[in-house]
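Trainee: Please read through the structure below; I'll follow up with questions.
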Amino acid sequence: MKKRLIASVLRIFILALFLIGIFSATAFGQTVEDPIFRINRLTVLVFMIIFSSAVLLYTTWARKGKKLFVRKIPGIDAVEEAVGRATEMGKPVLFIPGISDIDEIETIAGLSILGRVAKITARYDTPLSVPVRYPMILAAGQEVVEQSYIEVGKHDAYNSEIVKYVAGEQFAFTATVNGWMMRERPAANIYMGAFFAESLLLAESGNASGAIQIAGTARPEQLPFFIAACDYTLMGEELYAASSYLSREPLLLGGIKGQDFVKVIIIVAILLGVVLSSFGIGSWFVDLFRVP
Amino acid sequence: MDFWHRIMNIDRRWIYLLIAISVTFPMIVVMKFPVRVTPETRQLYDAINNLPDGSVVMLTFDYYPNAAAETEPMSVAALRHMFKKNMKVVTLSNIPLGGPTIAERITREIAAEYHKVYGVDYVNLGYKANYNAVMHGLANSIESIFPSDYTNTPLKDLPLMDSVRNYNDIKFIFVVADNATVDYWIQIVNAQYGVPVGAGVTAVVAPKMYSFVDAGQMTGMLGGMKGAAEYEKLVGHEGKAMRGMDAQSLAHLMIILLVIVGNIGFFVTRKKDSEKS
Amino acid sequence: MGDLTFIDHFQLWLRAYLILSLFSFLYRDNLFYRFSEHIFAGLSAGYYVGLIWQTVIIQQLVNPMIDNGDWWLVFPGLLGVLMFARLTRKWTWVSRVSLAFVIGNTAGIYLISSLHGLILPQMLSTMKAVNNSGSFSRILLAVVVIVGVISTLIYFYFSKEHKGILGATARVGIWFIMIAFGAHFGYTVMARVSLLIGRAQFLYYDWGTSIRQIF
Amino acid sequence: MRKTVPVIVAFLSGFVMVVSFFFNPERTFIGGGQEAVLQWVTIVSGFTLVLGVFSIVRVNARAVARRSKGWFYKLLTVVSVFAMAIPAMLPVSKNTVGGKIFFGIFPDNWGTLFGTGPSSIYDWLFTYVDQPMMETMFAMLAFFIASAAYRAFRARNAEATLLLLTAVLVMLWRVPMGEAFLRLFSDSFPQYINMFVMNGFNVAVQRGIIIGAALGAASMSLRIMLGIERTYMGKG
């Protein structure tokens, strides 16, 4: 393990040396009044190198299966509790993996949380319903749910009707799911993925049908409504952290860990800048961040 | 089913009726509460006003038709302000669904009012795909991205475009947007090419813009129909936005009332149910 | 609005019909709604075809090739046409180069603009919040902003359990987030109401004039 | 071969933008390269928009051919697509090659009906049919919010309570009638809302979210450029 670590650090060191070599070569062609290399943008280059090496290192560690700690998001407990309550009452669980297509990152995160929910409903034979809006998500959703039922050894309990294509058009999809909610009266509604304004109708009908509702989305303008209408809400990056905690998918995990590492640097830099400039001495430090 | 349970489960369509009434009633009975100007709107108005008359500015129509009720009054008020100061206006749109058509219609309407000549006082460049590439492309040369204007006239035949090659010839960019396009005008054009950017945005986008205004990346901002009404007041030409303020006020009060009654009902029924079980 | 010609009347009544046919969905899903809704979906799709034909194929490819002889524009045109391979199942891989060319370019733009255009300026103005604080309310504002930014960042920090100081800061963070989302809630309600006012204004003022002139 | 060439193209196309940020475009060959790459990207990106239209027409036409449920409405959609697209693509005047042939048959004054100019069918269909409907679809959201305000927005816990209280305050402050009501308490009350709620709490949280989101975008962009993230290419 140590040998590979040295190899990757060496590679980054050579890359950095190579980049600095180019830039110093252009320095000779550099004249103050008409520079080839923009010295005043050096901070961005340093920041980019730190950021890139952090994300790449964590991604390669995640790929090698190195133990990377990500805290458990409280939202996951709330999801497990809600599905547990539905099992006790023998009522179905409704899961909607967002209403936009497979190319949205939020939809992919929603599907990984669906995998977890499907494992629980499979174990306790709780009826599960997953209405979707696009054919691509129908295929991906069935794959995820079937995989969960197999892992829990309940492959016979799995039927392809769990994940079903309802409608393509926004309002038709919402109206159909609302009708189903009023008839079936699910005990737990879980909305994880990208949602738009008319999804308010879903939360409202779910509230009226007396279900526990848990939502998760990254769009800032939808979050306030979900917080007010649902029992628990996963906010913005929490959705991605929850799905990476569950799926341990290397790319997502590496990304989150790399970003967390840089977040610490940013917090420390801001605090340092605030302390220095409150004593009026840190202008050289603060000016580092002023890049034309 | 006592009073509160029935109130809590009334048909959703009664609430729709309440909102419809609270929006149309103020048009019959006009109440005219004063519209006060917020500092962000003042900052944008002054930024345009302090520019010398006749300077070249860019006005963008980066909004889909569905938010036109908030953004169209902003474009109209901005155009009136610019034409009143005899500014040369270059307009374009980064929205593939309706953006250039709305830009063409509004600029021709307002330009006719101020007797402006197309090609000399204003030019509509229309739409090109991929707004990130367009924003960087205009820094090199406008003609590399827009060989001709919206109605297929080559830029060579438009006198105004001889003196406007790229961002160095543009004094201010007034972005009117209802989506993230305005973020990229800030983080690409203002950050890398130093062109001052001010924006009129829908109320959904406005909260995020406060951090750009606070950081000095954005010079002033209009937020939603209220922002448009304030700008109309400053330009001195009452438009659709100011006329809508009373209806906006009444609708807000109605929704606040609904939230309060809904919550009272929620707590009362919950107490009753817990006593019963 | 002056007296309206027949065409003005027709256009106003047509728009009023379309608007009311869609609003009828609020009462119940019905024939009129579905009729208008499907026309709307088709027209919006057709708009793209007309726009791209004029702005890309004619203005960026055909005219420059014929008028200024830029024959090398054939290459981007070819890359663009290759994109249609995505419609077939077997040949999708052919479109990968064009897709990679566009998405790679956007990735390069975002990598720089995220770091240089967003993170650095926002960090800078948080640090500078301290020195433009003269009166007491200004100092209080600076404290609110600095504490808010730090606690929000820590709330979205996932590499350590939220316990001890970290937990306390995250708790402060959630309060700041709730106030900010409350403001965003109010603004979003304002936006949706304005759109309805726009429709009501059209029906009451524009269509109303037409009705008053006819009857 | 099917994966390595696109990855190299993605890297080069992105690298040009990164390098031209650090180097002065006029003084180096990068400047010309960047201008050409950007021009090409706008051209190629245009075609992606039309892809969606082809798949809509294909799906609906197939449903009409099979007379599946609601096929008449799907026929309407397909007809509307062509009603909008065909006139826009026809030539406008005689001076183009296609124009000479077309206007050999049809009368000249029809020219203004075609293309996408202010007097064309395309412009009329959009302004008087498409736009009103689009505005109405989004105006309906005001009704949904009102009914949700009554039946779903509950102060069920401390956080939701704080959110609803701030929302009510901002909704009052943001309208003339509400602002007049707030002035009854103290004349500078609205001013303090603008300062502390919007320029204080809101700016702080939005800034935290902007930094978080920017880190996410930068890390996704880095992985695309280096070919680690390839889901956009699809399987196979």
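Each chain of the structure tokens is named A, B, ... in the order shown, its residues numbered from 1; ligands are numbered from 1 in display order.
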Val145 in chain C: which residues within 12 Å, counting only C-alpha atoms, same-chain residues fewer than 6 positions away excluded, as a ChimeraX atom specification?
Mentor: /A:270,274 /B:211,214-215 /C:122-123,125-130,133,138-139,151-152,173,176,180 /D:195-208
Trainee: Those residues with N, CA, C and O atoms, as a CSV table (one decimal), in the first residue's frame please?
Mentor:
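The resulting file, part-v4.csv, is reproduced below:
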```csv
chain,number,residue,atom,x,y,z
A,270,ILE,N,-10.9,31.7,5.6
A,270,ILE,CA,-11.8,32.8,5.9
A,270,ILE,C,-11.6,33.3,7.3
A,270,ILE,O,-11.4,34.5,7.6
A,274,VAL,N,-10.5,37.0,8.4
A,274,VAL,CA,-11.3,37.9,9.3
A,274,VAL,C,-10.5,38.4,10.5
A,274,VAL,O,-10.5,39.6,10.8
B,211,SER,N,-25.9,37.8,-2.6
B,211,SER,CA,-24.5,37.6,-2.2
B,211,SER,C,-23.6,38.2,-3.3
B,211,SER,O,-22.5,38.6,-3.0
B,214,ASP,N,-23.6,42.0,-2.6
B,214,ASP,CA,-22.8,42.2,-1.4
B,214,ASP,C,-21.3,42.1,-1.7
B,214,ASP,O,-20.5,42.8,-1.2
B,215,ALA,N,-20.9,41.2,-2.6
B,215,ALA,CA,-19.5,40.9,-2.9
B,215,ALA,C,-19.0,41.9,-4.0
B,215,ALA,O,-17.9,41.9,-4.4
C,122,GLN,N,-16.3,35.2,-3.2
C,122,GLN,CA,-17.2,35.1,-2.0
C,122,GLN,C,-16.4,35.0,-0.8
C,122,GLN,O,-16.8,35.6,0.3
C,123,MET,N,-15.2,34.3,-0.8
C,123,MET,CA,-14.4,34.3,0.4
C,123,MET,C,-13.9,35.7,0.7
C,123,MET,O,-13.9,36.1,1.8
C,125,SER,N,-15.1,38.6,0.0
C,125,SER,CA,-16.1,39.6,0.6
C,125,SER,C,-16.5,39.2,2.0
C,125,SER,O,-16.9,40.1,2.8
C,126,THR,N,-16.4,37.9,2.3
C,126,THR,CA,-16.7,37.5,3.7
C,126,THR,C,-15.6,38.1,4.7
C,126,THR,O,-15.9,38.6,5.7
C,127,MET,N,-14.3,38.0,4.2
C,127,MET,CA,-13.2,38.5,5.0
C,127,MET,C,-13.4,40.1,5.1
C,127,MET,O,-13.2,40.6,6.2
C,128,LYS,N,-13.7,40.7,4.0
C,128,LYS,CA,-13.8,42.2,4.0
C,128,LYS,C,-15.0,42.7,4.8
C,128,LYS,O,-15.0,43.9,5.2
C,129,ALA,N,-15.9,41.8,5.1
C,129,ALA,CA,-17.1,42.2,5.9
C,129,ALA,C,-16.7,43.0,7.1
C,129,ALA,O,-17.4,43.8,7.6
C,130,VAL,N,-15.5,42.6,7.7
C,130,VAL,CA,-15.1,43.2,8.9
C,130,VAL,C,-14.8,44.7,8.8
C,130,VAL,O,-15.3,45.6,9.5
C,133,SER,N,-17.3,48.1,8.6
C,133,SER,CA,-18.3,48.1,9.6
C,133,SER,C,-18.1,49.3,10.5
C,133,SER,O,-17.2,49.4,11.3
C,138,ARG,N,-23.8,47.9,11.6
C,138,ARG,CA,-22.9,47.3,10.6
C,138,ARG,C,-22.0,46.2,11.2
C,138,ARG,O,-21.8,45.2,10.6
C,139,ILE,N,-21.5,46.5,12.4
C,139,ILE,CA,-20.7,45.4,13.1
C,139,ILE,C,-21.5,44.2,13.3
C,139,ILE,O,-21.1,43.0,13.0
C,151,SER,N,-20.8,28.6,9.7
C,151,SER,CA,-21.7,27.5,10.2
C,151,SER,C,-22.4,26.8,9.1
C,151,SER,O,-22.6,25.6,9.2
C,152,THR,N,-22.8,27.5,8.0
C,152,THR,CA,-23.4,26.8,6.9
C,152,THR,C,-22.4,25.8,6.3
C,152,THR,O,-22.8,24.6,6.0
C,173,GLY,N,-25.8,26.5,12.4
C,173,GLY,CA,-25.9,26.6,11.0
C,173,GLY,C,-27.4,26.3,10.6
C,173,GLY,O,-27.9,27.0,9.7
C,176,PHE,N,-29.5,29.4,10.9
C,176,PHE,CA,-29.3,30.3,9.9
C,176,PHE,C,-30.0,29.8,8.6
C,176,PHE,O,-30.7,30.6,7.9
C,180,ALA,N,-32.8,31.7,6.3
C,180,ALA,CA,-32.6,32.1,4.8
C,180,ALA,C,-33.6,31.3,4.0
C,180,ALA,O,-34.1,31.9,3.0
D,195,MET,N,-31.7,44.8,5.6
D,195,MET,CA,-30.3,44.7,6.0
D,195,MET,C,-30.0,43.3,6.7
D,195,MET,O,-29.1,42.6,6.3
D,196,PHE,N,-30.8,42.9,7.7
D,196,PHE,CA,-30.4,41.8,8.5
D,196,PHE,C,-30.9,40.4,7.9
D,196,PHE,O,-30.2,39.5,7.8
D,197,VAL,N,-32.2,40.4,7.4
D,197,VAL,CA,-32.7,39.1,6.9
D,197,VAL,C,-32.0,38.9,5.5
D,197,VAL,O,-31.4,37.8,5.3
D,198,MET,N,-32.2,39.9,4.6
D,198,MET,CA,-31.7,39.6,3.3
D,198,MET,C,-30.2,39.7,3.1
D,198,MET,O,-29.5,38.8,2.6
D,199,ASN,N,-29.6,40.8,3.6
D,199,ASN,CA,-28.2,41.0,3.5
D,199,ASN,C,-27.4,40.4,4.6
D,199,ASN,O,-26.2,40.4,4.5
D,200,GLY,N,-28.0,39.8,5.6
D,200,GLY,CA,-27.3,39.1,6.7
D,200,GLY,C,-27.5,37.6,6.6
D,200,GLY,O,-26.7,36.9,5.9
D,201,PHE,N,-28.6,37.1,7.1
D,201,PHE,CA,-28.8,35.6,7.1
D,201,PHE,C,-28.8,35.1,5.7
D,201,PHE,O,-28.1,34.1,5.4
D,202,ASN,N,-29.6,35.7,4.8
D,202,ASN,CA,-29.7,35.2,3.5
D,202,ASN,C,-28.4,35.1,2.8
D,202,ASN,O,-28.0,34.1,2.2
D,203,VAL,N,-27.6,36.2,2.8
D,203,VAL,CA,-26.3,36.3,2.1
D,203,VAL,C,-25.4,35.2,2.7
D,203,VAL,O,-24.8,34.5,2.0
D,204,ALA,N,-25.4,35.1,4.0
D,204,ALA,CA,-24.5,34.1,4.6
D,204,ALA,C,-24.8,32.7,4.2
D,204,ALA,O,-23.9,32.0,3.7
D,205,VAL,N,-26.0,32.3,4.2
D,205,VAL,CA,-26.4,30.9,3.9
D,205,VAL,C,-26.2,30.7,2.3
D,205,VAL,O,-25.6,29.7,1.9
D,206,GLN,N,-26.7,31.7,1.5
D,206,GLN,CA,-26.5,31.6,0.1
D,206,GLN,C,-25.0,31.4,-0.2
D,206,GLN,O,-24.6,30.6,-1.1
D,207,ARG,N,-24.2,32.2,0.5
D,207,ARG,CA,-22.7,32.1,0.2
D,207,ARG,C,-22.2,30.7,0.5
D,207,ARG,O,-21.4,30.1,-0.2
D,208,GLY,N,-22.6,30.2,1.7
D,208,GLY,CA,-22.2,28.8,2.1
D,208,GLY,C,-22.6,27.8,1.0
D,208,GLY,O,-21.8,27.0,0.6
```
Trainee: Provide as number ranges by chain the residues of chain D at most 6 Å from chain B, counting only C-alpha atoms.
Mentor: D: 38-39, 42, 45-46, 131, 134-135, 143, 146-147, 149-150, 154, 175-177, 203, 206
Trainee: With chain A as the partner and 9 Å as the cut-off, tabulate the residues of chain D that qualify, each row holding the nearest pair of atoms and their distance in Å to one decimal, using only C-alpha atoms, sorted by chain and rising number, as CSV.
Mentor:
```
residue,atom,partner,partner_atom,distance
D:Phe21,CA,A:Arg38,CA,8.4
D:Phe22,CA,A:Arg38,CA,5.6
D:Phe23,CA,A:Phe37,CA,4.6
D:Asn24,CA,A:Ile36,CA,5.1
D:Pro25,CA,A:Ile36,CA,8.1
D:Glu26,CA,A:Ile36,CA,8.5
D:Arg27,CA,A:Ile36,CA,5.8
D:Thr28,CA,A:Ile36,CA,7.0
D:Phe138,CA,A:Ala197,CA,8.9
D:Met140,CA,A:Glu198,CA,8.9
D:Leu141,CA,A:Glu198,CA,6.5
D:Phe144,CA,A:Leu201,CA,6.5
D:Ile145,CA,A:Leu200,CA,7.0
D:Ser147,CA,A:Glu204,CA,8.0
D:Ala148,CA,A:Glu204,CA,5.6
D:Ala149,CA,A:Ala229,CA,8.8
D:Arg151,CA,A:Glu204,CA,6.4
D:Ala152,CA,A:Ala229,CA,5.0
D:Phe153,CA,A:Ala229,CA,4.8
D:Arg154,CA,A:Ala228,CA,5.9
D:Ala155,CA,A:Ala228,CA,7.0
D:Arg156,CA,A:Asp231,CA,7.7
D:Asn157,CA,A:Asp231,CA,8.6
D:Glu159,CA,A:Ile227,CA,8.4
D:Ala160,CA,A:Ala228,CA,5.4
D:Thr161,CA,A:Ala228,CA,8.2
D:Leu163,CA,A:Ala228,CA,7.6
D:Leu164,CA,A:Ala228,CA,7.4
D:Ile209,CA,A:Gly236,CA,8.4
D:Ile211,CA,A:Lys263,CA,8.5
D:Gly212,CA,A:Lys263,CA,7.8
D:Ala213,CA,A:Glu237,CA,8.0
D:Leu215,CA,A:Gln259,CA,6.1
D:Gly216,CA,A:Gln259,CA,7.1
D:Ala218,CA,A:Phe51,CA,8.8
D:Ser219,CA,A:Gly255,CA,6.4
D:Met220,CA,A:Gly255,CA,7.8
D:Leu222,CA,A:Ser52,CA,7.1
D:Arg223,CA,A:Leu56,CA,8.2
D:Ile228,CA,A:Leu251,CA,8.2
D:Glu229,CA,A:Leu251,CA,7.7
D:Thr231,CA,A:Asp103,CA,8.6
D:Tyr232,CA,A:Asp103,CA,7.5
```
Trainee: Could you write out as a ChimeraX atom specification the residues of chain C within 6 Å of chain B, counting only C-alpha atoms?
Mentor: /C:113,117-118,125,187-188,191,195,198
Trainee: Write a file of the just-selected residues containing N, CA, C and O atoms, as a PDB file, in the first residue's frame.
Mentor:
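The resulting again-v4.pdb:
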```
ATOM      1  N   SER C 113     -14.187  28.857 -13.801  1.00  0.00           N
ATOM      2  CA  SER C 113     -15.128  29.897 -13.328  1.00  0.00           C
ATOM      3  C   SER C 113     -15.627  29.570 -11.924  1.00  0.00           C
ATOM      4  O   SER C 113     -15.912  30.470 -11.142  1.00  0.00           O
ATOM      5  N   GLY C 117     -14.358  32.552 -10.310  1.00  0.00           N
ATOM      6  CA  GLY C 117     -15.495  33.475 -10.382  1.00  0.00           C
ATOM      7  C   GLY C 117     -16.446  33.383  -9.207  1.00  0.00           C
ATOM      8  O   GLY C 117     -17.215  34.311  -8.963  1.00  0.00           O
ATOM      9  N   LEU C 118     -16.424  32.258  -8.477  1.00  0.00           N
ATOM     10  CA  LEU C 118     -17.386  32.102  -7.370  1.00  0.00           C
ATOM     11  C   LEU C 118     -16.685  32.028  -6.014  1.00  0.00           C
ATOM     12  O   LEU C 118     -16.903  32.865  -5.142  1.00  0.00           O
ATOM     13  N   SER C 125     -15.148  38.616   0.036  1.00  0.00           N
ATOM     14  CA  SER C 125     -16.095  39.603   0.590  1.00  0.00           C
ATOM     15  C   SER C 125     -16.492  39.210   2.010  1.00  0.00           C
ATOM     16  O   SER C 125     -16.886  40.069   2.800  1.00  0.00           O
ATOM     17  N   TYR C 187     -39.981  34.710  -1.134  1.00  0.00           N
ATOM     18  CA  TYR C 187     -39.694  35.211  -2.494  1.00  0.00           C
ATOM     19  C   TYR C 187     -40.318  34.289  -3.544  1.00  0.00           C
ATOM     20  O   TYR C 187     -40.858  34.742  -4.558  1.00  0.00           O
ATOM     21  N   THR C 188     -40.275  32.962  -3.291  1.00  0.00           N
ATOM     22  CA  THR C 188     -40.812  32.043  -4.318  1.00  0.00           C
ATOM     23  C   THR C 188     -42.326  32.186  -4.403  1.00  0.00           C
ATOM     24  O   THR C 188     -42.890  32.180  -5.500  1.00  0.00           O
ATOM     25  N   ALA C 191     -43.038  35.115  -6.473  1.00  0.00           N
ATOM     26  CA  ALA C 191     -42.821  34.891  -7.912  1.00  0.00           C
ATOM     27  C   ALA C 191     -44.048  34.223  -8.529  1.00  0.00           C
ATOM     28  O   ALA C 191     -44.580  34.676  -9.550  1.00  0.00           O
ATOM     29  N   LEU C 195     -46.889  35.645 -11.509  1.00  0.00           N
ATOM     30  CA  LEU C 195     -47.236  35.037 -12.807  1.00  0.00           C
ATOM     31  C   LEU C 195     -48.751  34.991 -12.958  1.00  0.00           C
ATOM     32  O   LEU C 195     -49.298  35.265 -14.032  1.00  0.00           O
ATOM     33  N   GLY C 198     -50.023  38.343 -13.867  1.00  0.00           N
ATOM     34  CA  GLY C 198     -49.810  38.608 -15.290  1.00  0.00           C
ATOM     35  C   GLY C 198     -50.974  38.088 -16.111  1.00  0.00           C
ATOM     36  O   GLY C 198     -51.496  38.779 -17.009  1.00  0.00           O
TER      37      GLY C 198
END
```
Trainee: Provide the CA of Trp71 in chain D to CA of Leu125 in chain D distance in Å, to one decimal place.
Mentor: 23.3 Å
Trainee: With only C-alpha atoms considered, list every residue of chain C at most 8 Å from chain A, as an NGL selection string.
Mentor: :C and (115-116 or 120-121 or 123-124 or 126-128 or 130-131 or 150 or 153 or 156-161 or 181-182 or 184-185 or 188)
Trainee: Taking into account only C-alpha atoms, which residue in the set C:Phe202, C:Phe215, C:Tyr47, C:Phe10 is nearest to chain D?
Mentor: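 Distance minimum relative to chain D lands on C:Tyr47.
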Trainee: Restricting the calculation to only C-alpha atoms, which member of A:Val152, A:Arg219, A:Val93, A:Val132 is positioned closest to chain B?
Mentor: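 Of A:Val152, A:Arg219, A:Val93, A:Val132, the one nearest chain B is A:Arg219, counting only C-alpha atoms.
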Trainee: Using DSSP on the backbone coordinates, identify the residues of chain C assigned to alpha helix (DSSP H); present them as a ChimeraX atom specification.
Mentor: /C:6-23,31-52,63-67,74-82,96-112,120-128,136-155,164-201,208-214
Trainee: When you count only C-alpha atoms, which of these residues is closest to chain C: D:Asp187, D:Glu35, D:Glu179, D:Asp123?
Mentor: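 With only C-alpha atoms as the atom set, the closest residue is D:Asp123.
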Trainee: Fewer than 6 positions away in the same chain doesn't count, so skip those; otherwise give me all residues within 6 Å of Phe101 in chain C, counting only C-alpha atoms, as number ranges by chain.
Mentor: D: 9-10, 13
Trainee: Kindly indicate which residue among B:Val175, B:Leu51, B:Val195, B:Val182 lies nearest to chain A, using only C-alpha atoms for the distances.
Mentor: B:Val195
Trainee: I'd like the neighbourhood of Glu143 in chain A as a list in words, where a residue qualifies if any of its atoms comes within 10 Å (using only C-alpha atoms), though same-chain residues fewer than 3 positions away should be ignored.
Mentor: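 Counting only C-alpha atoms, the residues come to Leu111, Gly115, Ile137, Leu138, Ala139, Ala140, Glu146, Gln147, Ser148, Ser160 and Val163 of chain A.
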Trainee: I want to know what sits within 12 Å of Asp8 in chain C, based on only C-alpha atoms, with residues of the same chain fewer than 5 positions away left out; could you give that as a CSV table (one decimal) with C-alpha atoms, in the first residue's frame?
Mentor:
```
chain,number,residue,atom,x,y,z
C,1,MET,CA,-55.6,50.9,-26.6
C,2,GLY,CA,-57.6,52.6,-29.4
C,3,ASP,CA,-60.3,50.8,-31.3
C,13,TRP,CA,-60.1,36.0,-28.0
C,14,LEU,CA,-57.7,33.2,-29.1
C,15,ARG,CA,-55.3,33.9,-26.3
C,206,ASP,CA,-56.6,43.4,-22.7
C,207,TRP,CA,-59.4,40.9,-23.2
C,209,THR,CA,-61.2,46.0,-23.7
C,210,SER,CA,-62.1,43.7,-26.6
C,211,ILE,CA,-65.3,42.6,-24.8
C,213,GLN,CA,-65.7,47.3,-27.6
C,214,ILE,CA,-67.8,44.4,-29.0
D,128,TYR,CA,-50.2,34.3,-29.9
```
Trainee: Which one is closest to chain D: C:Tyr110, C:Tyr204, C:Phe6, C:Trp71? Count only C-alpha atoms.
Mentor: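 Smallest distance to chain D is found for C:Tyr110.
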Trainee: CA of Val197 in chain B to CA of Gly236 in chain B: how many Å, to one decimal?
Mentor: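 Straight-line distance from CA of Val197 in chain B to CA of Gly236 in chain B works out to 22.9 Å.
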Trainee: Given only C-alpha atoms as the basis, pick out the residue of A:Ile190, A:Arg248, A:Ala86, A:Gly210 nearest to chain B.
Mentor: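 Answer, going by the shortest atom-to-atom distance: A:Gly210.
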Trainee: Quote the spacing between CA of Asp108 in chain D and CA of Met84 in chain D in Å to one decimal place.
Mentor: 20.8 Å
Trainee: Would you list the contacts of Ala62 in chain A as a list in words, taking every protein, DNA or RNA residue within 6 Å and counting only C-alpha atoms, but skipping same-chain residues closer than 4 positions in sequence?
Mentor: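 Surrounding residues, per the criterion: Tyr58, Lys66, Pro250 and Gly254 of chain A.
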